[in-house]
$ cat start08.csv   # CSV, N, CA and C atoms
chain,number,residue,atom,x,y,z
A,237,MET,N,10.7,-3.3,-26.9
A,237,MET,CA,10.5,-2.8,-25.6
A,237,MET,C,9.0,-2.7,-25.3
A,238,ALA,N,8.6,-3.1,-24.1
A,238,ALA,CA,7.2,-3.1,-23.8
A,238,ALA,C,6.8,-1.7,-23.5
A,239,GLU,N,5.5,-1.4,-23.8
A,239,GLU,CA,4.9,-0.2,-23.5
A,239,GLU,C,4.8,0.0,-22.0
A,240,THR,N,4.9,1.2,-21.5
A,240,THR,CA,4.9,1.5,-20.0
A,240,THR,C,4.0,2.6,-19.7
A,241,THR,N,3.7,2.6,-18.4
A,241,THR,CA,2.9,3.7,-17.8
A,241,THR,C,3.8,4.3,-16.6
A,242,GLN,N,3.7,5.5,-16.4
A,242,GLN,CA,4.5,6.2,-15.3
A,242,GLN,C,3.8,5.9,-14.0
A,243,PHE,N,4.5,5.3,-13.0
A,243,PHE,CA,4.0,5.1,-11.7
A,243,PHE,C,4.7,6.0,-10.7
A,244,GLU,N,3.9,6.6,-9.9
A,244,GLU,CA,4.4,7.5,-8.8
A,244,GLU,C,3.7,7.1,-7.5
A,245,LEU,N,4.5,7.0,-6.4
A,245,LEU,CA,4.0,6.7,-5.1
A,245,LEU,C,4.4,7.9,-4.2
A,246,VAL,N,3.4,8.6,-3.6
A,246,VAL,CA,3.7,9.8,-2.9
A,246,VAL,C,3.1,9.6,-1.5
A,247,SER,N,4.0,9.9,-0.5
A,247,SER,CA,3.5,9.9,0.9
A,247,SER,C,3.3,11.4,1.3
A,248,PRO,N,2.7,11.6,2.5
A,248,PRO,CA,2.5,13.0,2.9
A,248,PRO,C,3.9,13.8,3.0
A,249,GLU,N,5.0,13.1,3.2
A,249,GLU,CA,6.3,13.7,3.4
A,249,GLU,C,7.0,14.0,2.1
A,250,LYS,N,6.9,13.0,1.1
A,250,LYS,CA,7.7,13.1,-0.1
A,250,LYS,C,7.3,12.2,-1.2
A,251,LEU,N,7.9,12.3,-2.4
A,251,LEU,CA,7.8,11.4,-3.5
A,251,LEU,C,8.7,10.2,-3.1
A,252,LEU,N,8.1,9.0,-3.0
A,252,LEU,CA,8.8,7.8,-2.6
A,252,LEU,C,9.3,7.0,-3.8
A,253,TYR,N,8.5,7.0,-4.9
A,253,TYR,CA,8.9,6.2,-6.1
A,253,TYR,C,8.3,6.8,-7.3
A,254,SER,N,9.2,6.8,-8.4
A,254,SER,CA,8.7,7.3,-9.6
A,254,SER,C,9.5,6.6,-10.7
A,255,GLU,N,8.8,5.7,-11.4
A,255,GLU,CA,9.4,4.9,-12.5
A,255,GLU,C,8.4,4.5,-13.5
A,256,ALA,N,8.8,4.3,-14.7
A,256,ALA,CA,8.0,3.7,-15.8
A,256,ALA,C,7.8,2.2,-15.5
A,257,ALA,N,6.6,1.7,-15.6
A,257,ALA,CA,6.3,0.3,-15.3
A,257,ALA,C,5.5,-0.3,-16.4
A,258,GLU,N,5.6,-1.6,-16.6
A,258,GLU,CA,4.8,-2.3,-17.6
A,258,GLU,C,3.4,-2.4,-17.1
A,259,MET,N,3.3,-2.7,-15.8
A,259,MET,CA,2.0,-2.8,-15.1
A,259,MET,C,2.2,-2.6,-13.6
A,260,VAL,N,1.1,-2.0,-13.0
A,260,VAL,CA,1.1,-1.8,-11.6
A,260,VAL,C,-0.2,-2.4,-11.1
A,261,VAL,N,-0.1,-3.2,-10.0
A,261,VAL,CA,-1.3,-3.8,-9.4
A,261,VAL,C,-1.5,-3.2,-8.0
A,262,VAL,N,-2.7,-2.6,-7.8
A,262,VAL,CA,-3.0,-1.7,-6.7
A,262,VAL,C,-4.1,-2.3,-5.8
A,263,PRO,N,-4.0,-2.2,-4.5
A,263,PRO,CA,-5.1,-2.8,-3.6
A,263,PRO,C,-6.2,-1.8,-3.4
A,264,GLY,N,-7.2,-1.7,-4.4
A,264,GLY,CA,-8.3,-0.9,-4.2
A,264,GLY,C,-9.3,-1.4,-3.2
A,265,THR,N,-10.2,-0.5,-2.7
A,265,THR,CA,-11.2,-1.0,-1.8
A,265,THR,C,-12.2,-2.0,-2.4
A,266,GLU,N,-12.4,-2.0,-3.7
A,266,GLU,CA,-13.3,-2.9,-4.3
A,266,GLU,C,-12.5,-4.1,-4.8
A,267,GLY,N,-11.2,-4.2,-4.5
A,267,GLY,CA,-10.4,-5.3,-4.9
A,267,GLY,C,-9.1,-4.8,-5.6
A,268,TYR,N,-8.2,-5.7,-5.8
A,268,TYR,CA,-7.0,-5.4,-6.5
A,268,TYR,C,-7.3,-5.1,-8.0
A,269,PHE,N,-6.6,-4.1,-8.5
A,269,PHE,CA,-6.8,-3.8,-10.0
A,269,PHE,C,-5.4,-3.5,-10.6
A,270,GLY,N,-5.3,-3.9,-11.9
A,270,GLY,CA,-4.1,-3.7,-12.6
A,270,GLY,C,-4.2,-2.5,-13.5
A,271,VAL,N,-3.1,-1.8,-13.6
A,271,VAL,CA,-3.0,-0.6,-14.4
A,271,VAL,C,-2.0,-0.9,-15.5
A,272,LEU,N,-2.4,-0.8,-16.7
A,272,LEU,CA,-1.6,-1.0,-17.9
A,272,LEU,C,-1.6,0.4,-18.7
A,273,PRO,N,-0.7,0.5,-19.6
A,273,PRO,CA,-0.7,1.7,-20.5
A,273,PRO,C,-2.1,1.9,-21.2
A,274,ARG,N,-2.5,3.1,-21.3
A,274,ARG,CA,-3.8,3.4,-21.9
A,274,ARG,C,-5.0,3.0,-21.1
A,275,HIS,N,-4.8,2.9,-19.8
A,275,HIS,CA,-5.9,2.5,-18.9
A,275,HIS,C,-6.9,3.6,-18.9
A,276,ALA,N,-8.2,3.2,-18.7
A,276,ALA,CA,-9.3,4.2,-18.6
A,276,ALA,C,-9.0,5.1,-17.3
A,277,PRO,N,-9.3,6.3,-17.4
A,277,PRO,CA,-9.1,7.2,-16.2
A,277,PRO,C,-10.0,6.8,-15.1
A,278,MET,N,-9.5,6.8,-13.8
A,278,MET,CA,-10.3,6.4,-12.7
A,278,MET,C,-9.6,6.9,-11.4
A,279,ILE,N,-10.4,6.9,-10.3
A,279,ILE,CA,-9.9,7.2,-9.0
A,279,ILE,C,-10.4,6.2,-8.1
A,280,SER,N,-9.6,5.7,-7.1
A,280,SER,CA,-10.0,4.7,-6.2
A,280,SER,C,-9.4,4.9,-4.8
A,281,THR,N,-10.1,4.6,-3.8
A,281,THR,CA,-9.5,4.5,-2.5
A,281,THR,C,-8.8,3.2,-2.3
A,282,LEU,N,-7.8,3.2,-1.4
A,282,LEU,CA,-7.0,2.0,-1.2
A,282,LEU,C,-7.2,1.3,0.1
A,283,GLU,N,-7.1,0.0,0.2
A,283,GLU,CA,-7.1,-0.8,1.4
A,283,GLU,C,-5.7,-1.0,1.7
A,284,PRO,N,-5.4,-1.4,3.0
A,284,PRO,CA,-4.0,-1.8,3.3
A,284,PRO,C,-3.7,-3.0,2.5
A,285,GLY,N,-2.6,-3.0,1.8
A,285,GLY,CA,-2.2,-4.1,0.9
A,285,GLY,C,-0.9,-3.8,0.1
A,286,VAL,N,-0.6,-4.6,-0.8
A,286,VAL,CA,0.7,-4.6,-1.5
A,286,VAL,C,0.5,-4.1,-3.0
A,287,ILE,N,1.3,-3.1,-3.3
A,287,ILE,CA,1.4,-2.7,-4.7
A,287,ILE,C,2.5,-3.5,-5.4
A,288,ASP,N,2.2,-4.2,-6.5
A,288,ASP,CA,3.2,-4.9,-7.3
A,288,ASP,C,3.5,-4.1,-8.5
A,289,ILE,N,4.8,-3.8,-8.7
A,289,ILE,CA,5.3,-3.1,-9.8
A,289,ILE,C,6.0,-4.1,-10.8
A,290,HIS,N,5.4,-4.2,-12.0
A,290,HIS,CA,5.9,-5.2,-12.9
A,290,HIS,C,6.9,-4.5,-13.9
A,291,GLN,N,8.0,-5.2,-14.1
A,291,GLN,CA,9.1,-4.8,-15.1
A,291,GLN,C,9.5,-6.0,-15.8
A,292,ASN,N,9.8,-6.0,-17.1
A,292,ASN,CA,10.3,-7.1,-17.8
A,292,ASN,C,9.6,-8.4,-17.6
A,293,GLY,N,8.3,-8.3,-17.5
A,293,GLY,CA,7.4,-9.5,-17.4
A,293,GLY,C,7.3,-10.1,-16.0
A,294,SER,N,7.8,-9.5,-15.0
A,294,SER,CA,7.7,-10.1,-13.6
A,294,SER,C,7.6,-8.9,-12.6
A,295,VAL,N,7.3,-9.3,-11.4
A,295,VAL,CA,7.2,-8.3,-10.3
A,295,VAL,C,8.7,-7.9,-9.9
A,296,ALA,N,8.9,-6.6,-10.1
A,296,ALA,CA,10.2,-6.0,-9.8
A,296,ALA,C,10.3,-5.4,-8.4
A,297,GLU,N,9.2,-4.9,-7.9
A,297,GLU,CA,9.1,-4.3,-6.6
A,297,GLU,C,7.8,-4.5,-5.9
A,298,ARG,N,7.8,-4.7,-4.6
A,298,ARG,CA,6.5,-4.9,-3.9
A,298,ARG,C,6.6,-3.9,-2.7
A,299,ILE,N,5.5,-3.1,-2.7
A,299,ILE,CA,5.5,-2.0,-1.6
A,299,ILE,C,4.1,-2.1,-0.9
A,300,PHE,N,4.2,-2.1,0.4
A,300,PHE,CA,3.0,-2.2,1.2
A,300,PHE,C,2.5,-0.8,1.5
A,301,VAL,N,1.2,-0.5,1.3
A,301,VAL,CA,0.6,0.8,1.6
A,301,VAL,C,-0.5,0.6,2.6
A,302,ALA,N,-0.6,1.5,3.6
A,302,ALA,CA,-1.6,1.4,4.6
A,302,ALA,C,-2.9,1.9,4.2
A,303,GLY,N,-3.0,2.5,3.1
A,303,GLY,CA,-4.3,3.0,2.6
A,303,GLY,C,-4.0,4.3,1.8
A,304,GLY,N,-5.0,4.9,1.3
A,304,GLY,CA,-4.8,6.2,0.5
A,304,GLY,C,-5.7,6.2,-0.7
A,305,PHE,N,-5.2,6.8,-1.8
A,305,PHE,CA,-6.0,7.0,-3.0
A,305,PHE,C,-5.1,6.7,-4.2
A,306,ALA,N,-5.7,6.2,-5.3
A,306,ALA,CA,-5.0,6.1,-6.5
A,306,ALA,C,-5.7,6.8,-7.6
A,307,GLU,N,-5.0,7.6,-8.4
A,307,GLU,CA,-5.5,8.2,-9.6
A,307,GLU,C,-4.8,7.6,-10.8
A,308,VAL,N,-5.7,7.2,-11.8
A,308,VAL,CA,-5.1,6.5,-13.0
A,308,VAL,C,-5.6,7.4,-14.2
A,309,THR,N,-4.6,7.6,-15.1
A,309,THR,CA,-4.9,8.2,-16.4
A,309,THR,C,-4.4,7.3,-17.4
A,310,GLU,N,-4.5,7.7,-18.7
A,310,GLU,CA,-4.0,6.8,-19.8
A,310,GLU,C,-2.5,6.6,-19.7
A,311,THR,N,-1.8,7.6,-19.1
A,311,THR,CA,-0.3,7.5,-19.1
A,311,THR,C,0.3,7.4,-17.7
A,312,ARG,N,-0.5,7.4,-16.7
A,312,ARG,CA,0.1,7.6,-15.3
A,312,ARG,C,-0.8,6.9,-14.3
A,313,CYS,N,-0.1,6.3,-13.3
A,313,CYS,CA,-0.8,5.9,-12.1
A,313,CYS,C,-0.1,6.5,-10.9
A,314,THR,N,-0.9,7.3,-10.1
A,314,THR,CA,-0.3,8.0,-9.0
A,314,THR,C,-1.0,7.5,-7.7
A,315,VAL,N,-0.2,7.1,-6.8
A,315,VAL,CA,-0.8,6.6,-5.5
A,315,VAL,C,-0.4,7.6,-4.4
A,316,LEU,N,-1.4,8.1,-3.7
A,316,LEU,CA,-1.2,9.0,-2.5
A,316,LEU,C,-1.4,8.1,-1.3
A,317,ALA,N,-0.3,7.7,-0.7
A,317,ALA,CA,-0.4,6.7,0.4
A,317,ALA,C,-0.3,7.3,1.8
A,318,GLU,N,-1.1,6.8,2.7
A,318,GLU,CA,-1.0,7.3,4.1
A,318,GLU,C,0.4,6.9,4.7
A,319,ASP,N,0.9,5.7,4.3
A,319,ASP,CA,2.2,5.2,4.8
A,319,ASP,C,2.6,4.1,3.8
A,320,ALA,N,3.8,4.0,3.5
A,320,ALA,CA,4.3,3.0,2.5
A,320,ALA,C,5.7,2.4,3.0
A,321,GLN,N,5.8,1.1,2.8
A,321,GLN,CA,7.1,0.4,3.1
A,321,GLN,C,7.4,-0.6,2.1
A,322,VAL,N,8.7,-0.6,1.6
A,322,VAL,CA,9.1,-1.7,0.7
A,322,VAL,C,9.1,-3.0,1.5
A,323,LEU,N,8.5,-4.0,0.9
A,323,LEU,CA,8.3,-5.3,1.7
A,323,LEU,C,9.6,-5.9,2.1
A,324,LYS,N,10.6,-5.9,1.2
A,324,LYS,CA,11.8,-6.5,1.5
A,324,LYS,C,12.6,-5.9,2.7
A,325,ASP,N,12.2,-4.7,3.1
A,325,ASP,CA,12.8,-4.0,4.2
A,325,ASP,C,12.0,-4.1,5.5
A,326,VAL,N,10.9,-4.8,5.6
A,326,VAL,CA,10.1,-5.0,6.8
A,326,VAL,C,10.7,-5.9,7.8
A,327,ASP,N,10.8,-5.4,9.0
A,327,ASP,CA,11.4,-6.2,10.1
A,327,ASP,C,10.1,-6.8,10.8
A,328,THR,N,9.9,-8.1,10.5
A,328,THR,CA,8.7,-8.8,11.0
A,328,THR,C,8.7,-8.9,12.5
A,329,ALA,N,9.8,-9.0,13.2
A,329,ALA,CA,9.9,-9.1,14.6
A,329,ALA,C,9.4,-7.8,15.2
A,330,LYS,N,9.8,-6.7,14.6
A,330,LYS,CA,9.3,-5.4,15.1
A,330,LYS,C,7.8,-5.2,14.9
A,331,VAL,N,7.3,-5.7,13.8
A,331,VAL,CA,5.9,-5.6,13.5
A,331,VAL,C,5.1,-6.5,14.5
A,332,ASP,N,5.6,-7.7,14.8
A,332,ASP,CA,5.0,-8.6,15.8
A,332,ASP,C,4.9,-7.9,17.2
A,333,SER,N,6.0,-7.3,17.5
A,333,SER,CA,6.1,-6.6,18.8
A,333,SER,C,5.1,-5.4,18.9
A,334,GLU,N,5.0,-4.7,17.8
A,334,GLU,CA,4.1,-3.5,17.8
A,334,GLU,C,2.6,-4.0,17.9
A,335,ILE,N,2.3,-5.1,17.2
A,335,ILE,CA,1.0,-5.7,17.3
A,335,ILE,C,0.7,-6.1,18.7
A,336,SER,N,1.6,-6.8,19.4
A,336,SER,CA,1.4,-7.2,20.7
A,336,SER,C,1.2,-6.0,21.7
A,337,ASP,N,2.0,-5.0,21.5
A,337,ASP,CA,1.8,-3.8,22.4
A,337,ASP,C,0.5,-3.1,22.1
A,338,LEU,N,0.1,-3.0,20.9
A,338,LEU,CA,-1.2,-2.4,20.6
A,338,LEU,C,-2.4,-3.2,21.2
A,339,ARG,N,-2.3,-4.5,21.2
A,339,ARG,CA,-3.3,-5.4,21.7
A,339,ARG,C,-3.4,-5.1,23.2
A,340,ASP,N,-2.3,-4.9,23.9
A,340,ASP,CA,-2.3,-4.6,25.3
A,340,ASP,C,-3.0,-3.2,25.5
A,341,ASP,N,-2.6,-2.3,24.7
A,341,ASP,CA,-3.2,-0.9,24.7
A,341,ASP,C,-4.7,-1.0,24.5
A,342,LEU,N,-5.2,-1.9,23.6
A,342,LEU,CA,-6.6,-2.0,23.3
A,342,LEU,C,-7.4,-2.5,24.6
A,343,LYS,N,-6.8,-3.4,25.3
A,343,LYS,CA,-7.4,-3.8,26.6
A,343,LYS,C,-7.6,-2.7,27.6
A,344,ASP,N,-6.7,-1.7,27.6
A,344,ASP,CA,-6.8,-0.6,28.5
A,344,ASP,C,-7.5,0.6,28.0
A,345,ALA,N,-7.9,0.6,26.7
A,345,ALA,CA,-8.5,1.8,26.1
A,345,ALA,C,-9.9,1.9,26.7
A,346,LYS,N,-10.3,3.1,27.1
A,346,LYS,CA,-11.6,3.4,27.7
A,346,LYS,C,-12.5,4.1,26.7
A,347,GLU,N,-12.0,5.0,25.9
A,347,GLU,CA,-12.7,5.8,24.9
A,347,GLU,C,-12.9,5.0,23.6
A,348,GLU,N,-14.1,5.1,23.0
A,348,GLU,CA,-14.4,4.4,21.8
A,348,GLU,C,-13.5,4.9,20.7
A,349,LEU,N,-13.3,6.1,20.6
A,349,LEU,CA,-12.4,6.7,19.6
A,349,LEU,C,-11.0,6.1,19.7
A,350,ASP,N,-10.5,6.0,20.9
A,350,ASP,CA,-9.2,5.3,21.1
A,350,ASP,C,-9.2,3.9,20.6
A,351,ARG,N,-10.2,3.2,21.0
A,351,ARG,CA,-10.3,1.7,20.6
A,351,ARG,C,-10.3,1.6,19.1
A,352,GLU,N,-11.1,2.5,18.4
A,352,GLU,CA,-11.2,2.4,16.9
A,352,GLU,C,-9.8,2.7,16.3
A,353,ARG,N,-9.1,3.7,16.8
A,353,ARG,CA,-7.8,4.0,16.3
A,353,ARG,C,-6.8,2.9,16.4
A,354,ILE,N,-6.8,2.3,17.6
A,354,ILE,CA,-5.9,1.1,17.9
A,354,ILE,C,-6.3,-0.1,17.0
A,355,GLU,N,-7.6,-0.4,16.9
A,355,GLU,CA,-8.0,-1.5,16.1
A,355,GLU,C,-7.6,-1.3,14.6
A,356,ARG,N,-7.8,-0.1,14.1
A,356,ARG,CA,-7.3,0.2,12.7
A,356,ARG,C,-5.8,0.0,12.6
A,357,ARG,N,-5.1,0.5,13.5
A,357,ARG,CA,-3.6,0.3,13.4
A,357,ARG,C,-3.2,-1.2,13.5
A,358,ILE,N,-3.9,-2.0,14.3
A,358,ILE,CA,-3.7,-3.4,14.4
A,358,ILE,C,-4.0,-4.1,13.0
A,359,LYS,N,-5.1,-3.7,12.4
A,359,LYS,CA,-5.5,-4.2,11.1
A,359,LYS,C,-4.5,-4.0,10.1
A,360,ILE,N,-3.9,-2.8,10.1
A,360,ILE,CA,-2.9,-2.4,9.1
A,360,ILE,C,-1.6,-3.2,9.3
A,361,LEU,N,-1.2,-3.3,10.6
A,361,LEU,CA,0.0,-4.1,10.9
A,361,LEU,C,-0.2,-5.6,10.6
A,362,GLU,N,-1.3,-6.1,10.8
A,362,GLU,CA,-1.6,-7.5,10.5
A,362,GLU,C,-1.5,-7.8,9.0
A,363,ALA,N,-2.0,-6.8,8.2
A,363,ALA,CA,-1.9,-6.9,6.8
A,363,ALA,C,-0.5,-6.8,6.3
A,364,LEU,N,0.3,-5.9,7.0
A,364,LEU,CA,1.7,-5.8,6.6
A,364,LEU,C,2.5,-7.1,7.0
A,365,ARG,N,2.2,-7.6,8.1
A,365,ARG,CA,2.8,-8.9,8.6
A,365,ARG,C,2.5,-10.0,7.6
A,366,ALA,N,1.2,-10.2,7.2
A,366,ALA,CA,0.8,-11.2,6.3
A,366,ALA,C,1.6,-11.0,4.9
A,367,ALA,N,1.7,-9.8,4.5
A,367,ALA,CA,2.3,-9.5,3.2
A,367,ALA,C,3.8,-9.8,3.2
A,368,ALA,N,4.4,-9.6,4.4
A,368,ALA,CA,5.9,-9.8,4.5
A,368,ALA,C,6.3,-11.2,4.6
A,369,ASP,N,5.4,-12.1,4.8
A,369,ASP,CA,5.7,-13.6,4.9
A,369,ASP,C,6.0,-14.2,3.5
$ encode --input "start08.csv" --output "structure tokens"
Amino acid sequence: MAETTQFELVSPEKLLYSEAAEMVVVPGTEGYFGVLPRHAPMISTLEPGVIDIHQNGSVAERIFVAGGFAEVTETRCTVLAEDAQVLKDVDTAKVDSEISDLRDDLKDAKEELDRERIERRIKILEALRAAAD
């Protein structure tokens, strides 16, 4: 049996995922990084992207995160995500519709803060859409 590390994915509302994994690949702001058992301790901020959870030598689960933080220890990888969705459950038509609506909202936005918020949401949804293909 392969050595594992405990992986936990937590959203502001609840614990979303907690399993032992052979490896977890996480979308850090400095690039994707893999977490294996006995990994050096670290903390990283996350970019919108996909977490790949490896079991039995292959990717067992793919989860999109909108951003957040990852804490890695020798025995555990904990991701605190702003938002997370299992990729196989993503409704791409709904995502496309939301992107279109937000682009319309962006045209009408007067305040810079509103524009930045809408642009960030569009960036996250575009990353989700690309990952779901």
$ residues_around --input "start08.csv" --residues "stretch 268-275 of chain A" --least-positions-apart "6" --cutoff "8 Å" --atoms "all atoms listed in the file" --output "list in words"
Glu239, Thr240, Thr241, Gln242, Ala257, Glu258, Met259, Val260, Val261, Val262, Val308, Thr309, Glu310, Thr311, Arg312 and Cys313 of chain A
$ closest_residue --input "start08.csv" --among "A:Pro284, A:Gly304, A:Pro248, A:Pro277" --to "A:Arg356" --atoms "only C-alpha atoms"
A:Pro284
$ atom_distance --input "start08.csv" --atom1 "atom C of A:Ser333" --atom2 "atom N of A:Glu355"
13.8 Å
$ residues_around --input "start08.csv" --residues "A:Glu307" --least-positions-apart "4" --cutoff "5 Å" --atoms "only N, CA and C atoms" --output "ChimeraX atom specification"
/A:278-279,313-314
$ residues_around --input "start08.csv" --residues "A:Leu342" --least-positions-apart "3" --cutoff "6.5 Å" --atoms "only N, CA and C atoms" --output "list in words"
Asp337, Leu338, Arg339, Ala345, Arg351 and Ile354 of chain A
$ closest_atom_pairs --input "start08.csv" --of "stretch 314-359 of chain A" --to "stretch 288-299 of chain A" --cutoff "6 Å" --atoms "only C-alpha atoms" --output "JSON lines"
{"residue": "A:Gln321", "atom": "CA", "partner": "A:Ile299", "partner_atom": "CA", "distance": 5.5}
{"residue": "A:Val322", "atom": "CA", "partner": "A:Ile299", "partner_atom": "CA", "distance": 4.3}
{"residue": "A:Leu323", "atom": "CA", "partner": "A:Ile299", "partner_atom": "CA", "distance": 5.4}
$ select_by_dssp --input "start08.csv" --residues "chain A" --states "alpha helix (DSSP H)" --output "PyMOL selection string"
chain A and resi 328-344+348-368
$ atom_distance --input "start08.csv" --atom1 "atom CA of A:Ile287" --atom2 "atom CA of A:Arg353"
23.9 Å
$ atom_distance --input "start08.csv" --atom1 "atom CA of A:Ser247" --atom2 "atom CA of A:Glu352"
23.0 Å
$ select_by_dssp --input "start08.csv" --residues "chain A" --states "strand (DSSP E)" --output "PyMOL selection string"
chain A and resi 241-246+251-257+259-264+267-271+278-282+285-291+294-301+304-308+312-317+320-322
$ closest_residue --input "start08.csv" --among "A:Ala302, A:Val315, A:Ala320, A:Leu349" --to "A:Leu361" --atoms "only C-alpha atoms"
A:Ala302
$ residues_around --input "start08.csv" --residues "A:Val246" --least-positions-apart "6" --cutoff "6 Å" --atoms "all atoms listed in the file" --output "count of residues only"
5
$ residues_around --input "start08.csv" --residues "A:Ile335" --least-positions-apart "4" --cutoff "12 Å" --atoms "only C-alpha atoms" --output "PyMOL selection string"
chain A and resi 328-331+339-342+354-365
